[in-house]
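Quick notes on the structure that follows.
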Amino acid sequence: MEERGWRPRWWLFAVFAVVATVHLAGGGWDSTTAVGLPVGFAATLVLVFVRRLPNWVTGEWDSRPWSRSWVRASRNRTIVALPFALLGVVAVLIGLADHPPHGTDVLYAAFVAALAVGLVVVLVVRWGRAVRTLRLLAGPRTALPARFDDGSRETGTVTFPDGARAYFTLHDPPRELIREIEHAATLHVTSAAPGKVLAGQPGGDEFARATLRVARATRTPSRSSLKRRLRLRTVAFAAVVAAGVALEGAAVVLVGGALPWVLAAPILLAVGATALWRARVARAVRLLAAGPWTSITAATMATDVDGPVSGWVVFPDGLRGRFHIEYCPPDVAAELLRRRRLWVAGAPRPGDVAVGLPEGDTFAIAWLAVTDRRARRLDHPRF
């Protein structure tokens, strides 16, 4: 199995934010906060960015392949823990009924009640997933022709019974499953359809969670609807910003205290998420508006473009390069295969560009890179 690259433990920042929010909501800014928050933030930085820490500190344990016995044990543990979680919810409700909260105590009571109910929801979801997993493993399997990508033991391609080709990603696959794909070129799955499935040998104990996906050219919207989408997302972004400013202002004027600081985090998160949502369409609009369509010579070794496509291009100044299109529309693929050319919006340049047909309505985002050695003398960036 490939060794995955280490990543910082970003989720610990969320834990620090929750703890700080609870403390500020309870006691406000005092001497304890002035000392504790900087120290806690420094400790959080260590936990996030220091790679080699004991497992009992970070809670990170070596992942093991899934097995039926492990899922069955997880289901049993959830069944045992669920009654105690329900008793906790009942205790919270009884306490709220006997001693109704007033004023700012309502926020604290709501927070505790949300934690109690959330624990029950998490346990119920885990129990449901375990039961569903065991039912899927007890059902039939479908054998699909499969092969790994070069140098990978987690990603590759499969062929569905109807002949359609798809791409799979295995999550923590056991050794038996890896050997089956390498030697028998077969992947047994619980469902021969795009989506999340379970993969493993029939009758075996270990399995892996897999994702099957079919690349479709319809992932990108049409050029005619792109500006309309951008306007709608711009209006939504402005509405979120206005609502956030109004809510924060009302909290400062009407309530005060620590509540504005508590509301600032979700408001900023909503604004940032909406901005990213809008930026995806704005980027495509900007690439399409780069200039008039320019034709460049291009070729690919693929004979049937039904997913990601890569190949070679020749820039107008004679430099050679490469291109990659993640989702290639049919008309762009036909132009590439038949006439060996790509139409680029604006001047062809290394980086992300929009490709399509001047008279067409579909488009795709392509990546261009210069591979010619003469690029050094002509001040072209190397990729």
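Residues are named by chain letter and number: chains run A, B, ... in the order of the structure tokens, numbers start at 1 in each chain, and ligands are numbered from 1 in the order shown.
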
Note to self: I want to know what sits within 9 Å of region 90-92 of chain A, based on only C-alpha atoms, with residues of the same chain fewer than 2 positions away left out; could you give that as a list in words?
What the structure shows: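 The filter keeps Ala85, Leu86, Leu87, Gly88, Ile94, Gly95, Leu96, Ala97, Ala109, Val112, Ala113 and Ala116 of chain A.
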
Within 8 Å of region 192-209 of chain A: each region 75-167 of chain A residue with its shortest pair, only C-alpha atoms, as a tab-separated table:
residue	atom	partner	partner_atom	distance
A:Leu136	CA	A:Leu198	CA	7.7
A:Leu137	CA	A:Leu198	CA	7.6
A:Pro140	CA	A:Pro202	CA	7.9
A:Arg141	CA	A:Pro202	CA	6.6
A:Thr142	CA	A:Ala192	CA	6.4
A:Leu144	CA	A:Ala192	CA	7.7
A:Phe160	CA	A:Ala192	CA	6.4
A:Pro161	CA	A:Ala192	CA	7.6
A:Ala166	CA	A:Pro194	CA	7.7

For the selection you just gave me, I'd like the residues written to a file as a PDB file, in the first residue's frame, keeping N, CA and C atoms.
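Result saved to again.pdb:
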ATOM      1  N   LEU A 136     -24.688  -5.428   3.230  1.00  0.00           N
ATOM      2  CA  LEU A 136     -24.055  -5.412   1.911  1.00  0.00           C
ATOM      3  C   LEU A 136     -23.022  -6.525   1.779  1.00  0.00           C
ATOM      4  N   LEU A 137     -22.253  -6.748   2.837  1.00  0.00           N
ATOM      5  CA  LEU A 137     -21.235  -7.798   2.779  1.00  0.00           C
ATOM      6  C   LEU A 137     -21.860  -9.182   2.694  1.00  0.00           C
ATOM      7  N   PRO A 140     -24.667 -10.471  -2.642  1.00  0.00           N
ATOM      8  CA  PRO A 140     -23.830 -10.947  -3.760  1.00  0.00           C
ATOM      9  C   PRO A 140     -22.770  -9.922  -4.142  1.00  0.00           C
ATOM     10  N   ARG A 141     -21.762 -10.395  -4.849  1.00  0.00           N
ATOM     11  CA  ARG A 141     -20.684  -9.540  -5.363  1.00  0.00           C
ATOM     12  C   ARG A 141     -20.664  -9.610  -6.888  1.00  0.00           C
ATOM     13  N   THR A 142     -20.192  -8.546  -7.492  1.00  0.00           N
ATOM     14  CA  THR A 142     -20.040  -8.480  -8.942  1.00  0.00           C
ATOM     15  C   THR A 142     -18.563  -8.346  -9.274  1.00  0.00           C
ATOM     16  N   LEU A 144     -15.620  -7.266 -11.565  1.00  0.00           N
ATOM     17  CA  LEU A 144     -15.350  -6.292 -12.618  1.00  0.00           C
ATOM     18  C   LEU A 144     -13.887  -6.381 -13.039  1.00  0.00           C
ATOM     19  N   PHE A 160     -17.460  -1.731 -16.390  1.00  0.00           N
ATOM     20  CA  PHE A 160     -18.770  -2.199 -15.960  1.00  0.00           C
ATOM     21  C   PHE A 160     -19.290  -3.280 -16.919  1.00  0.00           C
ATOM     22  N   PRO A 161     -20.290  -4.045 -16.493  1.00  0.00           N
ATOM     23  CA  PRO A 161     -20.832  -5.091 -17.380  1.00  0.00           C
ATOM     24  C   PRO A 161     -21.338  -4.569 -18.720  1.00  0.00           C
ATOM     25  N   ALA A 166     -14.813   3.066 -15.897  1.00  0.00           N
ATOM     26  CA  ALA A 166     -14.914   3.929 -14.723  1.00  0.00           C
ATOM     27  C   ALA A 166     -13.581   3.916 -13.994  1.00  0.00           C
TER      28      ALA A 166
END

Margin query: Here is a test: counting only C-alpha atoms, which residue of A:Val313, A:Val271, A:Val252, A:Ala164 is nearest to Val370 (chain A)?
Written below: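 Smallest separation from Val370 (chain A) among the options: A:Val313.
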
Note to self: At a cut-off of 9 Å, using only C-alpha atoms, what residues contact region 79-84 of chain A? Leave out same-chain residues fewer than 2 positions from it and give the result as a list in words.
What the structure shows: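 Here the answer would be Ser74, Arg75, Asn76, Arg77, Leu86, Leu87, Gly88, Val89, Leu119, Val120, Leu123, Val124 and Trp127 of chain A.
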
Saved selection, atoms kept: all heavy atoms, as a compact mmCIF listing (two decimals), in the first residue's frame:
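And here is the file that came out, out.txt:
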# COMPACT_ATOMS: atom_id res chain seq x y z
N SER A 74 -18.07 -3.20 16.24
CA SER A 74 -18.45 -1.79 16.33
C SER A 74 -19.96 -1.64 16.51
O SER A 74 -20.43 -0.79 17.28
CB SER A 74 -17.99 -1.05 15.07
OG SER A 74 -18.41 0.29 15.07
N ARG A 75 -20.73 -2.46 15.81
CA ARG A 75 -22.18 -2.43 15.98
C ARG A 75 -22.58 -2.79 17.40
O ARG A 75 -23.44 -2.13 18.01
CB ARG A 75 -22.83 -3.39 14.99
CG ARG A 75 -24.34 -3.46 15.07
CD ARG A 75 -24.85 -4.74 14.45
NE ARG A 75 -24.29 -5.92 15.11
CZ ARG A 75 -24.50 -7.17 14.69
NH1 ARG A 75 -25.21 -7.40 13.61
NH2 ARG A 75 -23.96 -8.19 15.35
N ASN A 76 -21.95 -3.80 17.96
CA ASN A 76 -22.28 -4.21 19.33
C ASN A 76 -21.91 -3.14 20.34
O ASN A 76 -22.66 -2.88 21.30
CB ASN A 76 -21.58 -5.53 19.65
CG ASN A 76 -22.05 -6.67 18.76
OD1 ASN A 76 -23.16 -6.61 18.21
ND2 ASN A 76 -21.23 -7.69 18.61
N ARG A 77 -20.77 -2.49 20.16
CA ARG A 77 -20.38 -1.42 21.08
C ARG A 77 -21.37 -0.26 21.01
O ARG A 77 -21.70 0.36 22.04
CB ARG A 77 -18.97 -0.94 20.75
CG ARG A 77 -17.87 -1.92 21.11
CD ARG A 77 -16.51 -1.24 21.06
NE ARG A 77 -16.21 -0.76 19.72
CZ ARG A 77 -15.53 -1.45 18.81
NH1 ARG A 77 -15.08 -2.67 19.11
NH2 ARG A 77 -15.27 -0.95 17.62
N LEU A 86 -28.99 7.91 25.66
CA LEU A 86 -30.40 8.30 25.79
C LEU A 86 -30.71 8.73 27.22
O LEU A 86 -31.48 9.68 27.44
CB LEU A 86 -31.29 7.13 25.38
CG LEU A 86 -31.28 6.78 23.88
CD1 LEU A 86 -32.09 5.52 23.63
CD2 LEU A 86 -31.83 7.94 23.06
N LEU A 87 -30.12 8.05 28.20
CA LEU A 87 -30.31 8.47 29.60
C LEU A 87 -29.76 9.88 29.82
O LEU A 87 -30.34 10.67 30.57
CB LEU A 87 -29.63 7.48 30.54
CG LEU A 87 -30.30 6.10 30.68
CD1 LEU A 87 -29.46 5.21 31.59
CD2 LEU A 87 -31.71 6.25 31.23
N GLY A 88 -28.64 10.20 29.15
CA GLY A 88 -28.10 11.55 29.27
C GLY A 88 -29.04 12.60 28.71
O GLY A 88 -29.22 13.67 29.30
N VAL A 89 -29.68 12.30 27.58
CA VAL A 89 -30.65 13.24 27.00
C VAL A 89 -31.83 13.42 27.94
O VAL A 89 -32.31 14.55 28.17
CB VAL A 89 -31.10 12.74 25.62
CG1 VAL A 89 -32.23 13.61 25.08
CG2 VAL A 89 -29.94 12.74 24.64
N LEU A 119 -24.74 13.50 20.49
CA LEU A 119 -24.13 12.21 20.79
C LEU A 119 -25.06 11.06 20.41
O LEU A 119 -24.63 10.06 19.83
CB LEU A 119 -23.78 12.14 22.28
CG LEU A 119 -23.18 10.82 22.77
CD1 LEU A 119 -21.88 10.51 22.03
CD2 LEU A 119 -22.95 10.86 24.27
N VAL A 120 -26.34 11.21 20.70
CA VAL A 120 -27.31 10.17 20.32
C VAL A 120 -27.38 10.03 18.80
O VAL A 120 -27.40 8.91 18.27
CB VAL A 120 -28.69 10.49 20.91
CG1 VAL A 120 -29.74 9.51 20.39
CG2 VAL A 120 -28.65 10.46 22.43
N LEU A 123 -24.32 8.16 17.50
CA LEU A 123 -24.38 6.73 17.78
C LEU A 123 -25.39 6.03 16.88
O LEU A 123 -25.14 4.92 16.39
CB LEU A 123 -24.73 6.51 19.25
CG LEU A 123 -23.65 6.91 20.26
CD1 LEU A 123 -24.16 6.71 21.68
CD2 LEU A 123 -22.37 6.12 20.04
N VAL A 124 -26.54 6.66 16.65
CA VAL A 124 -27.55 6.05 15.78
C VAL A 124 -27.02 5.93 14.35
O VAL A 124 -27.21 4.91 13.67
CB VAL A 124 -28.85 6.87 15.82
CG1 VAL A 124 -29.83 6.39 14.75
CG2 VAL A 124 -29.49 6.77 17.19
N TRP A 127 -24.51 3.13 14.21
CA TRP A 127 -25.19 1.83 14.24
C TRP A 127 -25.83 1.53 12.89
O TRP A 127 -25.72 0.41 12.37
CB TRP A 127 -26.26 1.85 15.33
CG TRP A 127 -27.12 0.62 15.33
CD1 TRP A 127 -26.82 -0.60 15.86
CD2 TRP A 127 -28.42 0.50 14.74
NE1 TRP A 127 -27.85 -1.48 15.64
CE2 TRP A 127 -28.85 -0.83 14.96
CE3 TRP A 127 -29.26 1.38 14.07
CZ2 TRP A 127 -30.09 -1.29 14.52
CZ3 TRP A 127 -30.49 0.93 13.63
CH2 TRP A 127 -30.89 -0.40 13.85

Next item on the list: DSSP on the backbone, then: every residue of region 287-325 of chain A marked strand (DSSP E), written as a ChimeraX atom specification.
Entry: /A:293-299,309-314,320-325

Would you save the residues of that selection, restricted to all heavy atoms, as a compact mmCIF listing (two decimals), in the first residue's frame?
# COMPACT_ATOMS: atom_id res chain seq x y z
N TRP A 293 -10.96 33.42 -29.86
CA TRP A 293 -10.56 32.02 -29.91
C TRP A 293 -9.36 31.85 -30.83
O TRP A 293 -9.30 32.41 -31.92
CB TRP A 293 -11.72 31.16 -30.41
CG TRP A 293 -12.85 31.09 -29.42
CD1 TRP A 293 -13.95 31.89 -29.39
CD2 TRP A 293 -12.96 30.20 -28.33
NE1 TRP A 293 -14.75 31.56 -28.33
CE2 TRP A 293 -14.17 30.51 -27.65
CE3 TRP A 293 -12.17 29.17 -27.83
CZ2 TRP A 293 -14.60 29.82 -26.53
CZ3 TRP A 293 -12.60 28.47 -26.70
CH2 TRP A 293 -13.80 28.80 -26.07
N THR A 294 -8.40 31.05 -30.36
CA THR A 294 -7.16 30.78 -31.10
C THR A 294 -7.00 29.29 -31.28
O THR A 294 -7.17 28.52 -30.32
CB THR A 294 -5.94 31.35 -30.34
OG1 THR A 294 -6.15 32.74 -30.09
CG2 THR A 294 -4.68 31.15 -31.15
N SER A 295 -6.66 28.88 -32.48
CA SER A 295 -6.48 27.46 -32.78
C SER A 295 -5.02 27.08 -32.62
O SER A 295 -4.12 27.79 -33.10
CB SER A 295 -6.95 27.16 -34.21
OG SER A 295 -6.64 25.83 -34.56
N ILE A 296 -4.77 25.97 -31.92
CA ILE A 296 -3.41 25.44 -31.79
C ILE A 296 -3.43 23.96 -32.16
O ILE A 296 -4.43 23.26 -31.98
CB ILE A 296 -2.86 25.63 -30.36
CG1 ILE A 296 -3.75 24.93 -29.33
CG2 ILE A 296 -2.70 27.09 -30.02
CD1 ILE A 296 -3.18 24.96 -27.92
N THR A 297 -2.32 23.49 -32.67
CA THR A 297 -2.19 22.09 -33.04
C THR A 297 -2.07 21.24 -31.78
O THR A 297 -1.32 21.56 -30.86
CB THR A 297 -0.95 21.88 -33.92
OG1 THR A 297 -1.05 22.73 -35.07
CG2 THR A 297 -0.84 20.44 -34.37
N ALA A 298 -2.83 20.15 -31.75
CA ALA A 298 -2.84 19.27 -30.58
C ALA A 298 -3.07 17.84 -31.03
O ALA A 298 -3.66 17.59 -32.09
CB ALA A 298 -3.91 19.68 -29.58
N ALA A 299 -2.61 16.90 -30.24
CA ALA A 299 -2.78 15.48 -30.55
C ALA A 299 -2.79 14.70 -29.25
O ALA A 299 -2.25 15.14 -28.23
CB ALA A 299 -1.66 14.98 -31.46
N VAL A 309 -8.29 13.44 -20.57
CA VAL A 309 -7.50 13.27 -21.78
C VAL A 309 -6.26 14.13 -21.67
O VAL A 309 -6.31 15.26 -21.20
CB VAL A 309 -8.33 13.63 -23.04
CG1 VAL A 309 -8.84 15.05 -22.96
CG2 VAL A 309 -7.50 13.44 -24.30
N SER A 310 -5.13 13.58 -22.10
CA SER A 310 -3.86 14.29 -22.11
C SER A 310 -3.22 14.12 -23.48
O SER A 310 -3.53 13.17 -24.22
CB SER A 310 -2.92 13.76 -21.02
OG SER A 310 -3.50 13.90 -19.74
N GLY A 311 -2.33 15.03 -23.81
CA GLY A 311 -1.66 14.94 -25.10
C GLY A 311 -0.63 16.03 -25.27
O GLY A 311 -0.15 16.62 -24.30
N TRP A 312 -0.31 16.31 -26.53
CA TRP A 312 0.74 17.26 -26.88
C TRP A 312 0.14 18.43 -27.65
O TRP A 312 -0.85 18.27 -28.39
CB TRP A 312 1.81 16.59 -27.74
CG TRP A 312 2.49 15.45 -27.04
CD1 TRP A 312 3.64 15.48 -26.32
CD2 TRP A 312 2.04 14.10 -26.99
NE1 TRP A 312 3.94 14.25 -25.82
CE2 TRP A 312 2.97 13.36 -26.21
CE3 TRP A 312 0.93 13.42 -27.51
CZ2 TRP A 312 2.84 12.01 -25.95
CZ3 TRP A 312 0.79 12.07 -27.25
CH2 TRP A 312 1.74 11.38 -26.49
N VAL A 313 0.74 19.59 -27.50
CA VAL A 313 0.30 20.79 -28.22
C VAL A 313 1.53 21.49 -28.79
O VAL A 313 2.66 21.29 -28.33
CB VAL A 313 -0.48 21.76 -27.31
CG1 VAL A 313 -1.78 21.14 -26.83
CG2 VAL A 313 0.38 22.22 -26.14
N VAL A 314 1.28 22.31 -29.79
CA VAL A 314 2.31 23.17 -30.36
C VAL A 314 1.80 24.61 -30.26
O VAL A 314 0.76 24.94 -30.84
CB VAL A 314 2.61 22.81 -31.83
CG1 VAL A 314 3.67 23.75 -32.39
CG2 VAL A 314 3.07 21.37 -31.94
N ARG A 320 6.83 23.41 -28.14
CA ARG A 320 6.03 22.22 -27.87
C ARG A 320 5.65 22.18 -26.39
O ARG A 320 6.39 22.68 -25.54
CB ARG A 320 6.80 20.96 -28.25
CG ARG A 320 7.08 20.83 -29.74
CD ARG A 320 7.75 19.51 -30.05
NE ARG A 320 9.04 19.38 -29.38
CZ ARG A 320 10.18 19.79 -29.89
NH1 ARG A 320 10.20 20.39 -31.08
NH2 ARG A 320 11.31 19.62 -29.23
N GLY A 321 4.52 21.56 -26.12
CA GLY A 321 4.05 21.47 -24.75
C GLY A 321 3.09 20.32 -24.58
O GLY A 321 2.89 19.50 -25.49
N ARG A 322 2.49 20.25 -23.41
CA ARG A 322 1.52 19.21 -23.09
C ARG A 322 0.23 19.86 -22.61
O ARG A 322 0.23 21.01 -22.15
CB ARG A 322 2.06 18.27 -22.01
CG ARG A 322 3.27 17.46 -22.45
CD ARG A 322 3.66 16.46 -21.37
NE ARG A 322 2.59 15.49 -21.13
CZ ARG A 322 2.42 14.38 -21.86
NH1 ARG A 322 3.24 14.11 -22.86
NH2 ARG A 322 1.44 13.55 -21.58
N PHE A 323 -0.86 19.09 -22.70
CA PHE A 323 -2.14 19.57 -22.20
C PHE A 323 -2.84 18.45 -21.45
O PHE A 323 -2.56 17.26 -21.65
CB PHE A 323 -3.04 20.07 -23.34
CG PHE A 323 -3.67 18.97 -24.16
CD1 PHE A 323 -4.91 18.44 -23.81
CD2 PHE A 323 -3.03 18.45 -25.26
CE1 PHE A 323 -5.50 17.43 -24.55
CE2 PHE A 323 -3.60 17.43 -26.02
CZ PHE A 323 -4.83 16.92 -25.66
N HIS A 324 -3.74 18.84 -20.58
CA HIS A 324 -4.57 17.88 -19.85
C HIS A 324 -5.94 18.50 -19.64
O HIS A 324 -6.07 19.65 -19.21
CB HIS A 324 -3.96 17.53 -18.49
CG HIS A 324 -4.82 16.60 -17.68
ND1 HIS A 324 -4.89 15.25 -17.93
CD2 HIS A 324 -5.67 16.84 -16.65
CE1 HIS A 324 -5.74 14.69 -17.08
NE2 HIS A 324 -6.22 15.63 -16.29
N ILE A 325 -6.98 17.72 -19.96
CA ILE A 325 -8.37 18.14 -19.78
C ILE A 325 -9.03 17.09 -18.89
O ILE A 325 -9.05 15.91 -19.23
CB ILE A 325 -9.12 18.26 -21.11
CG1 ILE A 325 -8.40 19.23 -22.05
CG2 ILE A 325 -10.55 18.72 -20.88
CD1 ILE A 325 -9.02 19.32 -23.43

Item checked: Who sits within 9 Å of region 14-22 of chain A, only C-alpha atoms, same chain under 6 positions skipped, as a PyMOL selection string -> chain A and resi 33+37+40-41+44+108+258+261-262+265

Take the residues that were just selected and, keeping N, CA and C atoms, output them as an mmCIF file, in the first residue's frame.
data_model
loop_
_atom_site.group_PDB
_atom_site.id
_atom_site.type_symbol
_atom_site.label_atom_id
_atom_site.label_comp_id
_atom_site.auth_asym_id
_atom_site.auth_seq_id
_atom_site.Cartn_x
_atom_site.Cartn_y
_atom_site.Cartn_z
ATOM 1 N N THR A 33 -8.496 34.294 30.695
ATOM 2 C CA THR A 33 -8.537 34.244 29.234
ATOM 3 C C THR A 33 -7.288 34.863 28.629
ATOM 4 N N LEU A 37 -5.693 31.709 26.608
ATOM 5 C CA LEU A 37 -5.859 31.633 25.161
ATOM 6 C C LEU A 37 -4.523 31.637 24.412
ATOM 7 N N GLY A 40 -2.957 28.228 25.083
ATOM 8 C CA GLY A 40 -3.689 27.188 24.366
ATOM 9 C C GLY A 40 -3.459 27.241 22.872
ATOM 10 N N PHE A 41 -3.360 28.455 22.330
ATOM 11 C CA PHE A 41 -3.103 28.579 20.893
ATOM 12 C C PHE A 41 -1.706 28.076 20.540
ATOM 13 N N THR A 44 -1.862 24.406 20.550
ATOM 14 C CA THR A 44 -2.567 23.941 19.353
ATOM 15 C C THR A 44 -1.660 23.974 18.134
ATOM 16 N N TYR A 108 -26.247 28.563 27.217
ATOM 17 C CA TYR A 108 -25.484 27.443 27.776
ATOM 18 C C TYR A 108 -26.332 26.171 27.816
ATOM 19 N N ALA A 258 -20.134 38.659 25.057
ATOM 20 C CA ALA A 258 -19.352 37.714 24.256
ATOM 21 C C ALA A 258 -20.102 37.195 23.041
ATOM 22 N N TRP A 261 -18.680 37.936 19.536
ATOM 23 C CA TRP A 261 -17.486 37.150 19.225
ATOM 24 C C TRP A 261 -17.853 35.720 18.863
ATOM 25 N N VAL A 262 -18.885 35.194 19.507
ATOM 26 C CA VAL A 262 -19.320 33.828 19.192
ATOM 27 C C VAL A 262 -19.914 33.765 17.790
ATOM 28 N N ALA A 265 -17.458 33.793 14.195
ATOM 29 C CA ALA A 265 -16.869 32.614 13.540
ATOM 30 C C ALA A 265 -17.807 32.007 12.501
#

Next item on the list: Give me every alpha helix (DSSP H) residue in region 153-339 of chain A, going by DSSP on the backbone, as a ChimeraX atom specification.
Entry: /A:175-179,223-250,259-288,330-339

Notebook entry, point to check: Counting only C-alpha atoms, which of A:Gly249, A:Pro308, A:Gly128, A:Pro8 gets nearest to Val50 (chain A)?
Noted result: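 Checking each of A:Gly249, A:Pro308, A:Gly128, A:Pro8 against Val50 (chain A), counting only C-alpha atoms, the winner is A:Pro8.
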
Notebook entry, point to check: With only C-alpha atoms as the basis for distance, which of A:Ala42, A:Leu226, A:Val253, A:Ala333 is at the shortest distance from Ala284 (chain A)?
Noted result: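 Among the listed residues, A:Leu226 lies closest to Ala284 (chain A).
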
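Of the residues listed (A:Pro348, A:Glu180, A:Ser224, A:Glu248), A:Ser224 shows the shortest atom-to-atom separation from Asp361 (chain A); distances use only C-alpha atoms.
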
Checklist line | Interatomic distance, CA of Asp162 (chain A) to CA of Leu212 (chain A) (Å, one decimal) | finding: 14.7 Å

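Take CA of Ala143 (chain A) and CA of Leu187 (chain A): the distance between them is 5.6 Å.
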
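Distances to Glu326 (chain A) were evaluated for A:Ala210, A:Ala239, A:Ala34, A:Val355 using only C-alpha atoms, and the minimum falls at A:Val355.
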
Next item on the list: Work out how far CA of Ala73 (chain A) is from CA of Pro54 (chain A), in Å to one decimal.
Entry: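 Separation between CA of Pro54 (chain A) and CA of Ala73 (chain A): 26.1 Å.
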
Note to self: When you look at Thr274 (chain A) with a cut-off of 12 Å (counting only C-alpha atoms), what residues show up, excluding the ones that are within fewer than 6 positions of it in the same chain? I need them as a PyMOL selection string.
What the structure shows: chain A and resi 232-241+244+267-268+280-281

Residues from the last selection, N, CA, C and O atoms, saved as an mmCIF file, in the first residue's frame:
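Saved as part_22.cif:
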data_model
loop_
_atom_site.group_PDB
_atom_site.id
_atom_site.type_symbol
_atom_site.label_atom_id
_atom_site.label_comp_id
_atom_site.auth_asym_id
_atom_site.auth_seq_id
_atom_site.Cartn_x
_atom_site.Cartn_y
_atom_site.Cartn_z
ATOM 1 N N LEU A 232 -26.325 34.931 -10.252
ATOM 2 C CA LEU A 232 -27.047 34.360 -9.119
ATOM 3 C C LEU A 232 -26.123 34.170 -7.918
ATOM 4 O O LEU A 232 -26.495 34.474 -6.772
ATOM 5 N N ARG A 233 -24.924 33.694 -8.165
ATOM 6 C CA ARG A 233 -23.999 33.477 -7.055
ATOM 7 C C ARG A 233 -23.490 34.794 -6.484
ATOM 8 O O ARG A 233 -23.201 34.883 -5.287
ATOM 9 N N THR A 234 -23.379 35.810 -7.334
ATOM 10 C CA THR A 234 -22.990 37.120 -6.818
ATOM 11 C C THR A 234 -24.070 37.688 -5.914
ATOM 12 O O THR A 234 -23.782 38.257 -4.850
ATOM 13 N N VAL A 235 -25.328 37.544 -6.325
ATOM 14 C CA VAL A 235 -26.438 38.007 -5.483
ATOM 15 C C VAL A 235 -26.468 37.235 -4.166
ATOM 16 O O VAL A 235 -26.676 37.816 -3.085
ATOM 17 N N ALA A 236 -26.252 35.915 -4.241
ATOM 18 C CA ALA A 236 -26.238 35.115 -3.013
ATOM 19 C C ALA A 236 -25.094 35.532 -2.095
ATOM 20 O O ALA A 236 -25.266 35.625 -0.868
ATOM 21 N N PHE A 237 -23.933 35.809 -2.671
ATOM 22 C CA PHE A 237 -22.795 36.246 -1.860
ATOM 23 C C PHE A 237 -23.082 37.587 -1.188
ATOM 24 O O PHE A 237 -22.805 37.777 0.003
ATOM 25 N N ALA A 238 -23.654 38.519 -1.953
ATOM 26 C CA ALA A 238 -23.988 39.820 -1.367
ATOM 27 C C ALA A 238 -25.034 39.673 -0.268
ATOM 28 O O ALA A 238 -24.969 40.363 0.767
ATOM 29 N N ALA A 239 -25.997 38.767 -0.465
ATOM 30 C CA ALA A 239 -27.025 38.562 0.559
ATOM 31 C C ALA A 239 -26.428 37.982 1.835
ATOM 32 O O ALA A 239 -26.791 38.384 2.948
ATOM 33 N N VAL A 240 -25.499 37.042 1.686
ATOM 34 C CA VAL A 240 -24.864 36.456 2.869
ATOM 35 C C VAL A 240 -24.043 37.503 3.613
ATOM 36 O O VAL A 240 -24.070 37.579 4.851
ATOM 37 N N VAL A 241 -23.314 38.332 2.870
ATOM 38 C CA VAL A 241 -22.521 39.384 3.515
ATOM 39 C C VAL A 241 -23.430 40.373 4.241
ATOM 40 O O VAL A 241 -23.176 40.755 5.397
ATOM 41 N N GLY A 244 -24.897 38.747 7.318
ATOM 42 C CA GLY A 244 -23.889 38.613 8.364
ATOM 43 C C GLY A 244 -23.594 39.923 9.058
ATOM 44 O O GLY A 244 -23.489 39.984 10.293
ATOM 45 N N ILE A 267 -20.305 33.382 10.981
ATOM 46 C CA ILE A 267 -20.574 34.364 9.924
ATOM 47 C C ILE A 267 -19.411 34.410 8.937
ATOM 48 O O ILE A 267 -19.607 34.387 7.711
ATOM 49 N N LEU A 268 -18.184 34.468 9.454
ATOM 50 C CA LEU A 268 -17.025 34.472 8.560
ATOM 51 C C LEU A 268 -16.930 33.178 7.769
ATOM 52 O O LEU A 268 -16.539 33.184 6.588
ATOM 53 N N ARG A 280 -15.626 29.803 -8.139
ATOM 54 C CA ARG A 280 -15.515 28.716 -9.114
ATOM 55 C C ARG A 280 -16.088 29.117 -10.469
ATOM 56 O O ARG A 280 -15.495 28.833 -11.513
ATOM 57 N N VAL A 281 -17.237 29.768 -10.452
ATOM 58 C CA VAL A 281 -17.839 30.206 -11.707
ATOM 59 C C VAL A 281 -17.122 31.439 -12.243
ATOM 60 O O VAL A 281 -16.926 31.580 -13.456
#
